>>> print(open('coords.csv').read())   # CSV, C-alpha atoms
chain,number,residue,atom,x,y,z
A,1,MET,CA,-27.2,53.3,6.6
A,2,THR,CA,-26.4,49.8,7.8
A,3,ALA,CA,-27.0,48.4,4.3
A,4,MET,CA,-24.6,50.9,2.8
A,5,MET,CA,-21.9,50.0,5.4
A,6,ASN,CA,-22.5,46.3,4.7
A,7,GLN,CA,-22.2,46.9,0.9
A,8,ALA,CA,-19.0,48.8,1.4
A,9,ASP,CA,-17.6,46.0,3.6
A,10,VAL,CA,-18.5,43.4,0.9
A,11,GLU,CA,-16.8,45.5,-1.8
A,12,ARG,CA,-13.7,46.0,0.4
A,13,GLN,CA,-13.5,42.2,1.0
A,14,TRP,CA,-14.0,41.5,-2.7
A,15,GLY,CA,-11.1,43.9,-3.5
A,16,MET,CA,-8.9,42.2,-1.0
A,17,LEU,CA,-9.7,38.7,-2.4
A,18,GLN,CA,-9.0,40.0,-6.0
A,19,TYR,CA,-5.6,41.4,-4.9
A,20,THR,CA,-4.6,38.2,-3.1
A,21,GLU,CA,-5.6,36.1,-6.0
A,22,SER,CA,-3.6,38.3,-8.4
A,23,LYS,CA,-0.6,37.8,-6.2
A,24,ARG,CA,-1.1,34.0,-6.3
A,25,GLU,CA,-1.3,34.2,-10.1
A,26,GLU,CA,2.2,35.7,-10.2
A,27,GLY,CA,3.6,32.5,-8.8
A,28,SER,CA,1.6,30.1,-10.9
A,29,GLU,CA,1.0,30.2,-14.6
A,30,MET,CA,-1.6,27.4,-14.4
A,31,ARG,CA,-3.6,29.4,-11.8
A,32,ALA,CA,-3.4,32.5,-14.0
A,33,ALA,CA,-4.5,30.5,-17.1
A,34,LEU,CA,-7.5,28.9,-15.3
A,35,ASN,CA,-8.5,32.1,-13.7
A,36,PHE,CA,-8.2,34.0,-17.0
A,37,TYR,CA,-10.7,31.6,-18.6
A,38,THR,CA,-13.0,31.8,-15.6
A,39,ARG,CA,-13.0,35.7,-15.8
A,40,GLN,CA,-14.0,35.5,-19.5
A,41,ILE,CA,-17.2,33.6,-18.8
A,42,SER,CA,-20.4,35.5,-19.3
A,43,PHE,CA,-23.6,34.1,-17.8
A,44,ALA,CA,-27.1,34.3,-19.3
A,45,ASP,CA,-30.0,35.8,-17.5
A,46,GLU,CA,-31.6,32.4,-17.1
A,47,TYR,CA,-30.6,28.8,-16.3
A,48,THR,CA,-31.9,25.3,-16.9
A,49,LEU,CA,-32.7,23.3,-13.8
A,50,THR,CA,-31.5,19.7,-14.4
A,51,ALA,CA,-33.2,18.2,-11.3
A,52,SER,CA,-35.6,15.2,-11.7
A,53,LYS,CA,-39.3,15.9,-12.3
A,54,GLU,CA,-40.2,15.0,-8.8
A,55,GLU,CA,-37.3,17.1,-7.3
A,56,ARG,CA,-38.4,20.1,-9.5
A,57,LYS,CA,-42.0,19.8,-8.3
A,58,LYS,CA,-40.8,19.7,-4.7
A,59,MET,CA,-38.6,22.7,-5.2
A,60,ILE,CA,-41.4,24.7,-6.7
A,61,ARG,CA,-43.9,23.7,-4.0
A,62,ASN,CA,-41.5,24.7,-1.3
A,63,ASP,CA,-40.3,27.8,-3.1
A,64,GLU,CA,-36.8,26.5,-3.1
A,65,LEU,CA,-35.8,27.2,-6.7
A,66,PRO,CA,-32.2,28.6,-6.7
A,67,THR,CA,-31.8,32.2,-7.7
A,68,LEU,CA,-29.7,33.1,-10.7
A,69,THR,CA,-27.1,34.6,-8.4
A,70,ALA,CA,-26.9,31.3,-6.4
A,71,VAL,CA,-26.5,29.3,-9.6
A,72,ILE,CA,-23.7,31.5,-10.9
A,73,THR,CA,-22.0,31.6,-7.5
A,74,SER,CA,-22.2,27.8,-7.3
A,75,ASP,CA,-20.7,27.4,-10.7
A,76,LEU,CA,-17.8,29.8,-9.9
A,77,ASP,CA,-17.2,28.1,-6.6
A,78,ARG,CA,-17.0,24.7,-8.3
A,79,ARG,CA,-14.5,25.9,-10.8
A,80,ASP,CA,-12.4,27.3,-7.9
A,81,LEU,CA,-12.6,24.1,-6.0
A,82,TYR,CA,-11.4,22.0,-9.0
A,83,ARG,CA,-8.7,24.5,-9.7
A,84,ASN,CA,-7.5,24.4,-6.1
A,85,GLN,CA,-7.6,20.6,-6.0
A,86,PHE,CA,-5.5,20.4,-9.2
A,87,LEU,CA,-2.9,23.0,-8.1
A,88,THR,CA,-2.6,21.4,-4.6
A,89,ALA,CA,-2.1,17.9,-6.1
A,90,ILE,CA,0.5,19.2,-8.6
A,91,ASP,CA,2.4,21.0,-5.7
A,92,ASP,CA,2.2,17.9,-3.6
A,93,ALA,CA,3.4,15.7,-6.5
A,94,CYS,CA,6.4,18.0,-7.1
A,95,ALA,CA,7.3,17.8,-3.5
A,96,GLU,CA,6.9,14.1,-3.4
A,97,ALA,CA,9.1,13.7,-6.5
A,98,ALA,CA,11.8,15.9,-5.0
A,99,TYR,CA,11.6,13.8,-1.8
A,100,GLN,CA,12.0,10.6,-3.7
A,101,VAL,CA,15.0,11.9,-5.7
A,102,LYS,CA,16.6,13.1,-2.5
A,103,GLN,CA,16.0,9.7,-0.8
A,104,GLN,CA,17.3,7.9,-3.9
A,105,ASN,CA,20.5,10.0,-3.9
A,106,ASN,CA,21.0,9.7,-0.1
A,107,ASN,CA,20.4,6.0,0.2
A,108,ALA,CA,21.4,4.8,-3.3
A,109,GLN,CA,18.5,2.4,-3.1
A,110,ASP,CA,17.3,0.7,-6.2
A,111,ASP,CA,13.7,0.4,-5.1
A,112,VAL,CA,11.7,3.6,-5.2
A,113,ASP,CA,8.1,3.6,-3.8
A,114,VAL,CA,6.2,5.8,-6.2
A,115,THR,CA,2.8,4.9,-4.9
A,116,ASP,CA,2.1,8.3,-3.4
A,117,LEU,CA,3.4,10.1,-6.4
A,118,VAL,CA,1.2,8.1,-8.7
A,119,ASP,CA,-1.8,8.8,-6.4
A,120,LEU,CA,-1.1,12.5,-6.4
A,121,VAL,CA,-0.7,12.7,-10.2
A,122,SER,CA,-4.0,10.8,-10.5
A,123,GLN,CA,-5.7,13.3,-8.2
A,124,ALA,CA,-4.3,16.2,-10.3
A,125,HIS,CA,-5.6,14.5,-13.5
A,126,SER,CA,-9.0,13.9,-11.9
A,127,ALA,CA,-9.4,17.5,-10.7
A,128,CYS,CA,-8.2,18.9,-14.1
A,129,ASP,CA,-10.6,16.7,-15.9
A,130,SER,CA,-13.4,17.8,-13.7
A,131,TRP,CA,-12.5,21.5,-14.3
A,132,PHE,CA,-12.5,21.0,-18.1
A,133,THR,CA,-15.8,19.2,-18.1
A,134,LEU,CA,-17.4,22.5,-17.0
A,135,ILE,CA,-16.5,24.0,-20.4
A,136,ALA,CA,-19.4,23.8,-22.9
A,137,SER,CA,-18.5,21.6,-25.9
A,138,ARG,CA,-19.6,24.5,-28.1
A,139,ASP,CA,-16.9,26.7,-26.6
A,140,VAL,CA,-14.3,24.0,-27.1
A,141,GLU,CA,-15.3,23.6,-30.8
A,142,GLU,CA,-15.1,27.4,-31.2
A,143,ALA,CA,-11.7,27.5,-29.6
A,144,ILE,CA,-10.4,24.7,-31.9
A,145,LYS,CA,-11.6,26.5,-35.0
A,146,GLU,CA,-9.9,29.8,-33.8
A,147,VAL,CA,-6.6,28.0,-33.3
A,148,GLN,CA,-6.9,26.2,-36.6
A,149,GLN,CA,-7.6,29.5,-38.3
A,150,LEU,CA,-4.6,31.1,-36.7
A,151,ASN,CA,-2.4,28.2,-37.8
A,152,LYS,CA,-3.5,28.8,-41.4
A,153,GLU,CA,-2.4,32.4,-41.4
>>> encode(input="coords.csv", output="structure tokens")
Amino acid sequence: MTAMMNQADVERQWGMLQYTESKREEGSEMRAALNFYTRQISFADEYTLTASKEERKKMIRNDELPTLTAVITSDLDRRDLYRNQFLTAIDDACAEAAYQVKQQNNNAQDDVDVTDLVDLVSQAHSACDSWFTLIASRDVEEAIKEVQQLNKE
């Protein structure tokens, strides 16, 4: 009985998270696009452990090999982390740019310190690059062929 209640609670929380995320997507086309790609991912029933030979031996001896569920969860969490870092840096860069414009208009100064803005754009680029490196090169090649085929039609 307790297990059924726990499962129902997990499903309720999942539904709430999905609803909240869909509302966030309404306000951000980038969030919606990144989430759409992530929702399209299908995972295999196996994974390749990329740890060193010594680390693999240790994990096997100590019965510490990650489960398939843990690997998938880790992958999805990483995608969400990079997405959130990217979106936060973009939001912060927009706010910083608006602040700099306001300061420039109010003070009519010639010198504008864009150090923070450049740093924020760099953070956004880094997070975006990290997110895209999670896409298999095979998938990128397939997508390029699809677009090229559409352009020929």
>>> atom_distance(input="coords.csv", atom1="CA of Ile90 (chain A)", atom2="CA of Leu120 (chain A)")
7.2 Å
>>> residues_around(input="coords.csv", residues="Asp139 (chain A)", least_positions_apart="6", cutoff="12 Å", atoms="all atoms listed in the file", output="VMD selection string")
chain A and resid 37 40 to 42 132 to 133 145 to 146
>>> atom_distance(input="coords.csv", atom1="CA of Leu49 (chain A)", atom2="CA of Ala127 (chain A)")
24.2 Å
>>> closest_residue(input="coords.csv", among="A:Val114, A:Cys128, A:Ile135, A:Met16", to="Arg83 (chain A)", atoms="only C-alpha atoms")
A:Cys128
>>> closest_residue(input="coords.csv", among="A:Lys53, A:Phe36, A:Asn106, A:Glu46", to="Arg79 (chain A)", atoms="all atoms listed in the file")
A:Phe36
>>> closest_residue(input="coords.csv", among="A:Ala89, A:Val101, A:Val140, A:Val112", to="His125 (chain A)", atoms="only C-alpha atoms")
A:Ala89
>>> closest_residue(input="coords.csv", among="A:Asp92, A:Gln85, A:Ala70, A:Thr48", to="Leu117 (chain A)", atoms="only C-alpha atoms")
A:Asp92
>>> closest_residue(input="coords.csv", among="A:Asn62, A:Gln149, A:Ser137, A:Thr69", to="Tyr47 (chain A)", atoms="all atoms listed in the file")
A:Thr69
>>> atom_distance(input="coords.csv", atom1="CA of Ala124 (chain A)", atom2="CA of Asn84 (chain A)")
9.8 Å
>>> decode(input="coords.csv", residues="region 57-72 of chain A", atoms="all heavy atoms", output="JSON list (two decimals), in the first residue's frame")
[["chain", "number", "residue", "atom", "x", "y", "z"],
["A", 57, "LYS", "N", 37.28, -1.70, -13.19],
["A", 57, "LYS", "CA", 37.54, -2.85, -12.31],
["A", 57, "LYS", "C", 37.04, -2.56, -10.90],
["A", 57, "LYS", "O", 36.40, -3.40, -10.27],
["A", 57, "LYS", "CB", 39.03, -3.18, -12.27],
["A", 57, "LYS", "CG", 39.55, -3.86, -13.51],
["A", 57, "LYS", "CD", 41.03, -4.14, -13.36],
["A", 57, "LYS", "CE", 41.60, -4.79, -14.59],
["A", 57, "LYS", "NZ", 43.04, -5.05, -14.45],
["A", 58, "LYS", "N", 37.36, -1.38, -10.41],
["A", 58, "LYS", "CA", 36.94, -0.99, -9.07],
["A", 58, "LYS", "C", 35.41, -0.96, -8.96],
["A", 58, "LYS", "O", 34.84, -1.45, -7.98],
["A", 58, "LYS", "CB", 37.51, 0.39, -8.72],
["A", 58, "LYS", "CG", 37.14, 0.89, -7.36],
["A", 58, "LYS", "CD", 37.70, 2.28, -7.12],
["A", 58, "LYS", "CE", 37.11, 2.86, -5.84],
["A", 58, "LYS", "NZ", 37.37, 4.28, -5.73],
["A", 59, "MET", "N", 34.76, -0.40, -9.96],
["A", 59, "MET", "CA", 33.30, -0.33, -9.94],
["A", 59, "MET", "C", 32.67, -1.71, -9.96],
["A", 59, "MET", "O", 31.70, -1.98, -9.25],
["A", 59, "MET", "CB", 32.79, 0.51, -11.12],
["A", 59, "MET", "CG", 33.16, 1.98, -11.02],
["A", 59, "MET", "SD", 32.79, 2.89, -12.53],
["A", 59, "MET", "CE", 31.07, 3.25, -12.25],
["A", 60, "ILE", "N", 33.23, -2.61, -10.75],
["A", 60, "ILE", "CA", 32.70, -3.98, -10.82],
["A", 60, "ILE", "C", 32.92, -4.70, -9.50],
["A", 60, "ILE", "O", 32.00, -5.35, -8.97],
["A", 60, "ILE", "CB", 33.34, -4.75, -12.01],
["A", 60, "ILE", "CG1", 32.86, -4.15, -13.32],
["A", 60, "ILE", "CG2", 33.03, -6.23, -11.93],
["A", 60, "ILE", "CD1", 33.62, -4.63, -14.55],
["A", 61, "ARG", "N", 34.14, -4.59, -8.95],
["A", 61, "ARG", "CA", 34.44, -5.24, -7.66],
["A", 61, "ARG", "C", 33.51, -4.76, -6.55],
["A", 61, "ARG", "O", 33.07, -5.54, -5.72],
["A", 61, "ARG", "CB", 35.89, -4.95, -7.25],
["A", 61, "ARG", "CG", 36.86, -6.03, -7.59],
["A", 61, "ARG", "CD", 38.19, -5.84, -6.86],
["A", 61, "ARG", "NE", 38.75, -4.50, -6.96],
["A", 61, "ARG", "CZ", 39.55, -4.08, -7.94],
["A", 61, "ARG", "NH1", 39.88, -4.89, -8.91],
["A", 61, "ARG", "NH2", 40.00, -2.85, -7.95],
["A", 62, "ASN", "N", 33.23, -3.47, -6.53],
["A", 62, "ASN", "CA", 32.41, -2.89, -5.46],
["A", 62, "ASN", "C", 30.92, -2.85, -5.81],
["A", 62, "ASN", "O", 30.13, -2.25, -5.08],
["A", 62, "ASN", "CB", 32.89, -1.48, -5.14],
["A", 62, "ASN", "CG", 34.30, -1.48, -4.59],
["A", 62, "ASN", "OD1", 34.75, -2.45, -3.97],
["A", 62, "ASN", "ND2", 35.02, -0.40, -4.83],
["A", 63, "ASP", "N", 30.55, -3.49, -6.92],
["A", 63, "ASP", "CA", 29.16, -3.51, -7.38],
["A", 63, "ASP", "C", 28.59, -2.09, -7.45],
["A", 63, "ASP", "O", 27.51, -1.79, -6.95],
["A", 63, "ASP", "CB", 28.30, -4.39, -6.45],
["A", 63, "ASP", "CG", 26.96, -4.74, -7.07],
["A", 63, "ASP", "OD1", 26.89, -4.80, -8.32],
["A", 63, "ASP", "OD2", 25.99, -4.94, -6.32],
["A", 64, "GLU", "N", 29.36, -1.19, -8.12],
["A", 64, "GLU", "CA", 28.99, 0.21, -8.22],
["A", 64, "GLU", "C", 28.69, 0.65, -9.65],
["A", 64, "GLU", "O", 28.68, 1.85, -9.94],
["A", 64, "GLU", "CB", 30.12, 1.09, -7.66],
["A", 64, "GLU", "CG", 30.35, 0.92, -6.19],
["A", 64, "GLU", "CD", 31.55, 1.71, -5.69],
["A", 64, "GLU", "OE1", 32.40, 2.15, -6.53],
["A", 64, "GLU", "OE2", 31.67, 1.88, -4.48],
["A", 65, "LEU", "N", 28.46, -0.30, -10.54],
["A", 65, "LEU", "CA", 28.12, 0.08, -11.91],
["A", 65, "LEU", "C", 26.78, 0.82, -11.90],
["A", 65, "LEU", "O", 25.83, 0.39, -11.25],
["A", 65, "LEU", "CB", 28.02, -1.15, -12.81],
["A", 65, "LEU", "CG", 29.34, -1.82, -13.16],
["A", 65, "LEU", "CD1", 29.10, -3.12, -13.91],
["A", 65, "LEU", "CD2", 30.21, -0.89, -13.99],
["A", 66, "PRO", "N", 26.70, 1.94, -12.61],
["A", 66, "PRO", "CA", 25.43, 2.68, -12.63],
["A", 66, "PRO", "C", 24.35, 1.90, -13.37],
["A", 66, "PRO", "O", 24.64, 1.19, -14.34],
["A", 66, "PRO", "CB", 25.78, 3.97, -13.35],
["A", 66, "PRO", "CG", 27.02, 3.69, -14.10],
["A", 66, "PRO", "CD", 27.73, 2.59, -13.39],
["A", 67, "THR", "N", 23.13, 2.03, -12.91],
["A", 67, "THR", "CA", 22.01, 1.40, -13.60],
["A", 67, "THR", "C", 21.70, 2.20, -14.86],
["A", 67, "THR", "O", 22.08, 3.37, -14.98],
["A", 67, "THR", "CB", 20.76, 1.37, -12.71],
["A", 67, "THR", "OG1", 20.34, 2.73, -12.46],
["A", 67, "THR", "CG2", 21.02, 0.63, -11.40],
["A", 68, "LEU", "N", 20.97, 1.60, -15.77],
["A", 68, "LEU", "CA", 20.57, 2.29, -16.98],
["A", 68, "LEU", "C", 19.73, 3.52, -16.64],
["A", 68, "LEU", "O", 19.91, 4.59, -17.22],
["A", 68, "LEU", "CB", 19.79, 1.34, -17.90],
["A", 68, "LEU", "CG", 19.36, 1.92, -19.24],
["A", 68, "LEU", "CD1", 20.56, 2.35, -20.06],
["A", 68, "LEU", "CD2", 18.52, 0.91, -20.00],
["A", 69, "THR", "N", 18.86, 3.37, -15.67],
["A", 69, "THR", "CA", 18.03, 4.51, -15.23],
["A", 69, "THR", "C", 18.89, 5.65, -14.72],
["A", 69, "THR", "O", 18.64, 6.82, -15.03],
["A", 69, "THR", "CB", 17.03, 4.05, -14.14],
["A", 69, "THR", "OG1", 16.23, 3.00, -14.67],
["A", 69, "THR", "CG2", 16.16, 5.19, -13.69],
["A", 70, "ALA", "N", 19.92, 5.32, -13.95],
["A", 70, "ALA", "CA", 20.81, 6.36, -13.42],
["A", 70, "ALA", "C", 21.57, 7.07, -14.55],
["A", 70, "ALA", "O", 21.76, 8.29, -14.50],
["A", 70, "ALA", "CB", 21.79, 5.76, -12.42],
["A", 71, "VAL", "N", 21.98, 6.33, -15.56],
["A", 71, "VAL", "CA", 22.71, 6.91, -16.69],
["A", 71, "VAL", "C", 21.80, 7.86, -17.47],
["A", 71, "VAL", "O", 22.19, 8.98, -17.81],
["A", 71, "VAL", "CB", 23.28, 5.81, -17.61],
["A", 71, "VAL", "CG1", 23.84, 6.39, -18.90],
["A", 71, "VAL", "CG2", 24.34, 5.00, -16.88],
["A", 72, "ILE", "N", 20.57, 7.43, -17.72],
["A", 72, "ILE", "CA", 19.62, 8.27, -18.46],
["A", 72, "ILE", "C", 19.28, 9.51, -17.66],
["A", 72, "ILE", "O", 19.26, 10.63, -18.19],
["A", 72, "ILE", "CB", 18.36, 7.46, -18.82],
["A", 72, "ILE", "CG1", 18.71, 6.38, -19.85],
["A", 72, "ILE", "CG2", 17.25, 8.37, -19.33],
["A", 72, "ILE", "CD1", 17.61, 5.37, -20.11]]
